[in-house]
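Asker: File name model16.cif; file contents mmCIF, C-alpha atoms and all ligand atoms; full text below.
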```cif
data_structure
loop_
_atom_site.label_atom_id
_atom_site.label_comp_id
_atom_site.auth_asym_id
_atom_site.auth_seq_id
_atom_site.Cartn_x
_atom_site.Cartn_y
_atom_site.Cartn_z
CA MET A 1241 0.00 0.00 0.00
CA ASP A 1242 1.23 3.52 -0.75
CA ALA A 1243 2.21 4.98 2.63
CA ARG A 1244 0.73 8.33 1.61
CA THR A 1245 -2.75 6.79 1.41
CA LEU A 1246 -2.57 5.62 5.03
CA PRO A 1247 -4.61 7.45 7.63
CA SER A 1248 -2.56 9.50 10.05
CA ALA A 1249 -1.82 8.19 13.53
CA PRO A 1250 -4.90 7.41 15.63
CA VAL A 1251 -6.38 10.30 17.53
CA PRO A 1252 -6.02 9.53 21.23
CA GLY A 1253 -8.96 9.67 23.64
CA SER A 1254 -10.08 12.70 25.56
CA LEU A 1255 -7.62 12.52 28.47
CA GLU A 1256 -4.76 12.26 26.03
CA ASN A 1257 -6.17 15.21 24.09
CA THR A 1258 -6.27 17.23 27.30
CA LEU A 1259 -2.59 16.49 27.90
CA LEU A 1260 -1.76 17.45 24.32
CA GLU A 1261 -3.69 20.71 24.66
CA LEU A 1262 -1.67 21.51 27.78
CA LEU A 1263 1.51 20.81 25.83
CA ARG A 1264 0.34 23.08 23.00
CA ARG A 1265 -0.26 25.90 25.46
CA LYS A 1266 3.19 25.33 26.97
CA SER A 1267 5.01 25.13 23.64
CA ASP A 1268 3.44 25.24 20.19
CA GLU A 1269 6.75 24.11 18.71
CA THR A 1270 7.00 21.00 20.91
CA HIS A 1271 3.36 20.15 20.25
CA ALA A 1272 3.77 20.45 16.46
CA HIS A 1273 7.04 18.48 16.54
CA SER A 1274 5.43 15.68 18.57
CA SER A 1275 2.56 15.46 16.15
CA ARG A 1276 4.87 15.20 13.12
CA VAL A 1277 7.08 12.61 14.82
CA SER A 1278 4.02 10.55 15.72
CA ASP A 1279 2.58 10.65 12.19
CA LEU A 1280 5.90 9.77 10.54
CA ALA A 1281 6.65 6.98 13.04
CA TRP A 1282 3.18 5.54 12.41
CA GLU A 1283 3.73 5.62 8.64
CA TRP A 1284 7.15 4.02 9.00
CA VAL A 1285 5.88 1.13 11.13
CA GLU A 1286 3.00 0.58 8.70
CA HIS A 1287 5.62 0.43 5.94
CA MET A 1288 7.58 -2.15 7.97
CA HIS A 1289 4.42 -4.24 8.28
CA SER A 1290 3.67 -3.96 4.56
CA ARG A 1291 7.00 -5.78 4.03
CA SER A 1292 6.27 -8.26 6.86
CA LYS A 1293 9.01 -6.79 9.06
CA TRP A 1294 8.70 -6.33 12.83
CA LEU A 1295 5.05 -7.44 12.70
CA GLU A 1296 5.05 -7.88 16.48
CA VAL A 1297 5.39 -4.12 16.93
CA SER A 1298 2.16 -2.12 17.16
CA ALA A 1299 2.03 0.99 14.95
CA SER A 1300 -0.56 2.47 17.32
CA GLU A 1301 1.72 2.04 20.34
CA VAL A 1302 4.66 3.57 18.50
CA ALA A 1303 2.49 6.51 17.34
CA LEU A 1304 1.09 7.09 20.83
CA SER A 1305 4.52 6.92 22.45
CA ALA A 1306 5.91 9.30 19.81
CA ARG A 1307 3.03 11.72 20.33
CA PHE A 1308 3.90 11.97 24.01
CA HIS A 1309 7.67 11.51 23.84
CA ASP A 1310 8.36 15.11 24.93
CA ILE A 1311 5.30 15.58 27.19
CA GLY A 1312 7.66 15.86 30.18
CA LYS A 1313 8.83 19.21 28.78
CA MET A 1314 5.68 20.64 30.38
CA ALA A 1315 7.61 20.44 33.66
CA VAL A 1316 10.69 22.23 32.28
CA SER A 1317 10.80 25.98 32.94
CA ASP A 1318 9.97 28.31 30.04
CA ALA A 1319 13.34 30.01 30.48
CA ILE A 1320 15.13 26.74 29.72
CA LEU A 1321 12.68 25.40 27.14
CA ASN A 1322 12.72 28.59 25.08
CA LYS A 1323 16.38 29.53 25.53
CA SER A 1324 17.90 30.26 22.14
CA GLY A 1325 21.54 29.88 23.19
CA PRO A 1326 23.33 26.80 24.50
CA LEU A 1327 22.15 25.40 27.83
CA SER A 1328 24.42 25.39 30.88
CA ALA A 1329 25.24 22.02 32.48
CA VAL A 1330 22.58 22.57 35.16
CA GLU A 1331 19.98 23.64 32.60
CA ARG A 1332 20.83 20.63 30.42
CA GLU A 1333 20.33 18.34 33.42
CA GLN A 1334 16.88 19.84 34.01
CA MET A 1335 15.99 19.56 30.33
CA ASN A 1336 17.09 15.91 30.24
CA GLU A 1337 14.65 15.11 33.04
CA HIS A 1338 11.78 15.44 30.53
CA SER A 1339 11.97 11.81 29.41
CA ARG A 1340 11.70 10.51 32.97
CA ILE A 1341 8.88 12.94 33.83
CA GLY A 1342 6.94 11.88 30.72
CA TYR A 1343 7.44 8.23 31.63
CA GLU A 1344 6.07 8.83 35.12
CA LEU A 1345 2.81 10.17 33.65
CA PHE A 1346 2.11 6.87 31.91
CA CYS A 1347 4.00 4.13 33.75
CA ASN A 1348 1.19 3.25 36.16
CA VAL A 1349 -1.18 2.31 33.33
CA SER A 1350 -0.45 -1.36 32.66
CA SER A 1351 -1.79 -1.24 29.08
CA LEU A 1352 0.66 1.58 28.31
CA GLU A 1353 3.84 -0.12 29.50
CA GLN A 1354 5.51 -0.14 26.07
CA VAL A 1355 4.32 3.41 25.38
CA SER A 1356 5.85 4.65 28.64
CA LEU A 1357 9.14 2.82 27.98
CA GLY A 1358 9.32 4.44 24.54
CA ILE A 1359 9.01 7.84 26.22
CA LEU A 1360 11.56 7.02 28.93
CA HIS A 1361 14.26 5.80 26.57
CA HIS A 1362 13.89 7.97 23.44
CA HIS A 1363 17.20 9.72 24.16
CA GLU A 1364 19.25 6.56 24.69
CA ARG A 1365 22.06 5.99 22.18
CA TRP A 1366 23.10 2.78 20.48
CA ASP A 1367 26.62 3.17 21.97
CA GLY A 1368 25.28 3.54 25.52
CA ALA A 1369 26.13 7.25 25.85
CA GLY A 1370 22.51 8.44 25.98
CA TYR A 1371 20.15 9.08 28.87
CA PRO A 1372 18.51 8.45 31.29
CA ALA A 1373 19.68 4.85 31.75
CA GLY A 1374 22.67 4.56 29.42
CA LEU A 1375 21.12 1.51 27.73
CA ARG A 1376 23.01 0.25 24.67
CA GLY A 1377 22.13 -1.64 21.49
CA ASN A 1378 19.14 -3.93 21.69
CA GLU A 1379 18.70 -3.14 25.39
CA ILE A 1380 16.94 -0.01 24.13
CA PRO A 1381 13.22 -0.75 23.59
CA PHE A 1382 12.30 -0.96 19.90
CA LEU A 1383 9.77 1.89 20.20
CA ALA A 1384 12.42 4.15 21.66
CA ARG A 1385 14.88 3.31 18.85
CA VAL A 1386 12.23 4.17 16.24
CA ILE A 1387 11.26 7.40 17.99
CA GLY A 1388 14.93 8.41 18.41
CA ILE A 1389 15.48 8.27 14.64
CA VAL A 1390 12.26 10.06 13.67
CA ASP A 1391 12.80 12.64 16.42
CA ALA A 1392 16.27 13.50 15.07
CA PHE A 1393 14.99 13.54 11.48
CA ASP A 1394 12.16 15.94 12.32
CA ALA A 1395 14.41 18.17 14.42
CA MET A 1396 16.78 18.56 11.47
CA THR A 1397 14.14 19.04 8.77
CA SER A 1398 12.08 21.67 10.66
CA SER A 1399 13.08 25.27 11.05
CA ARG A 1400 13.44 26.50 14.59
CA CYS A 1401 14.25 29.93 15.95
CA TYR A 1402 17.92 28.92 16.14
CA GLN A 1403 18.29 26.90 12.92
CA ARG A 1404 17.19 26.70 9.32
CA ALA A 1405 15.56 23.49 8.15
CA ARG A 1406 17.86 21.03 6.40
CA SER A 1407 16.77 18.98 3.41
CA GLU A 1408 15.48 15.43 3.95
CA SER A 1409 18.51 14.01 2.17
CA ALA A 1410 20.95 16.03 4.31
CA ALA A 1411 19.14 14.90 7.48
CA LEU A 1412 19.18 11.28 6.35
CA GLU A 1413 22.89 11.52 5.57
CA GLU A 1414 23.54 12.83 9.10
CA ILE A 1415 21.51 9.99 10.60
CA HIS A 1416 23.39 7.52 8.43
CA LEU A 1417 26.72 8.90 9.65
CA ASN A 1418 25.58 8.24 13.21
CA ARG A 1419 24.36 4.68 12.74
CA GLY A 1420 26.10 2.40 15.18
CA SER A 1421 26.95 5.33 17.49
CA GLN A 1422 23.69 7.15 18.11
CA PHE A 1423 21.22 5.04 16.13
CA CYS A 1424 20.37 1.37 15.58
CA PRO A 1425 22.10 0.47 12.27
CA GLU A 1426 19.39 -1.93 11.09
CA LEU A 1427 16.66 0.62 11.71
CA VAL A 1428 18.62 3.39 9.98
CA GLU A 1429 18.80 1.23 6.84
CA ASP A 1430 15.08 0.54 7.07
CA PHE A 1431 14.28 4.22 7.61
CA ALA A 1432 16.22 5.10 4.46
CA GLN A 1433 14.23 2.49 2.50
CA PHE A 1434 10.99 3.86 3.92
CA LEU A 1435 11.80 7.46 2.97
CA ASN A 1436 12.91 6.35 -0.46
CA ALA A 1437 9.62 4.48 -1.01
CA ARG A 1438 7.68 7.46 0.37
CA ASN A 1439 9.31 9.88 -2.04
CA THR A 1440 8.99 7.81 -5.22
FE FE B 1501 12.97 14.45 23.91
#
```
Could you render the structure as structure tokens?

Answerer:
Amino acid sequence: MDARTLPSAPVPGSLENTLLELLRRKSDETHAHSSRVSDLAWEWVEHMHSRSKWLEVSASEVALSARFHDIGKMAVSDAILNKSGPLSAVEREQMNEHSRIGYELFCNVSSLEQVSLGILHHHERWDGAGYPAGLRGNEIPFLARVIGIVDAFDAMTSSRCYQRARSESAALEEIHLNRGSQFCPELVEDFAQFLNARNT
């Protein structure tokens, strides 16, 4: 199936919408970014399934986890969240707490265990140098590895107050350069195939 004909990621229920509205009021940019990451992650997983790959992974869970991956930024101060210059070490530490805070919002709902783990670990790195747990390789939950790639791709291809948007091919090249260090190599290859299929 042509990925462009797929419906966008499922619209969450009312409580989830309330949380998303709070995020939008806190930061339009984070809200819009989360929405794009969720839609693209959903499309990518559907594309995996269309080729019978990673069928055990739920596109809905990935999309939901991606939609809320930065929800913990609601607890980060506006001064840090909207700072245009580089963050100090203390500010960076506070910013990095967002993945744990987001996880804590969902971790007590048993049906959302995978969703919450995707949120918690979306800043882990394949080489173990990420946060918050320093997981490496396949220790990192699959959802979190998917979100990490789409998150980086969207961050590079969107314009922000401090950067101009890069082209999709430049962003993909950067992700490719970081396979095996920041990103899961197998998933980077699959992401490239997905984007290629999406653009042809
Ligand atoms: Fe994040």

Asker: For Asn1436 of chain A, which residue among A:Glu1269, A:Glu1331, A:Asp1279, A:Glu1408 is the nearest when counting only C-alpha atoms?

Answerer: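 Under the stated criterion, the closest residue is A:Glu1408.
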
Asker: Using all atoms listed in the file, find the one residue out of A:Leu1417, A:Arg1265, A:Trp1284, A:Met1314 that sits nearest to Phe1431 of chain A.

Answerer: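 So, comparing all the options, the nearest one is A:Trp1284.
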
Asker: Kindly compile the residues surrounding ligand FE 1501 (chain B) within 8 Å, counting only C-alpha atoms and all ligand atoms, and format them as a PyMOL selection string.

Answerer: chain A and resi 1309-1310+1313+1336+1338-1339+1362-1363+1391

Asker: Specify the axis-aligned box that encloses all atoms of segment 1413-1423 of chain A listed in the file after padding of 4 Å on each side, stating its centre and edge lengths in Å to one decimal as AutoDock Vina command-line options.

Answerer:
```
--center_x 24.1 --center_y 7.6 --center_z 11.8 --size_x 13.7 --size_y 18.4 --size_z 20.5
```

Asker: To one decimal place in Å, what is the distance between atom CA of Thr1440 of chain A and atom CA of Ala1272 of chain A?

Answerer: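 That distance, rounded to one decimal, is 25.6 Å.
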
Asker: Counting all atoms listed in the file, what is within 10 Å of Ser1407 of chain A, bar same-chain residues fewer than 6 positions away, as a PyMOL selection string?

Answerer: chain A and resi 1393+1396-1398+1413

Asker: Atom CA of Ala1299 of chain A to atom CA of Ala1369 of chain A: how many Å, to one decimal?

Answerer: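 About the pair atom CA of Ala1299 of chain A and atom CA of Ala1369 of chain A: they are 27.2 Å apart.
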
Asker: Work out how far atom CA of Ser1292 of chain A is from atom CA of Ser1274 of chain A, in Å to one decimal.

Answerer: 26.7 Å

Asker: Of the candidates A:Gly1342, A:Gly1377, A:Pro1326, A:Gly1358, which shows the shortest atom-to-atom distance to Ala1303 of chain A, using all atoms listed in the file?

Answerer: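 Comparing A:Gly1342, A:Gly1377, A:Pro1326, A:Gly1358 against Ala1303 of chain A, the winner is A:Gly1358.
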
Asker: Return the single residue from A:Ile1359, A:Glu1337, A:Ala1395, A:Phe1382 that is closest to Val1285 of chain A, with distances computed using all atoms listed in the file.

Answerer: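 The answer is A:Phe1382, which sits nearest to Val1285 of chain A.
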
Asker: Using all atoms listed in the file, which of A:Ala1384, A:Gly1312, A:Ala1373, A:Leu1295 sits nearest His1271 of chain A?

Answerer: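 Of all the options, A:Gly1312 lies closest to His1271 of chain A.
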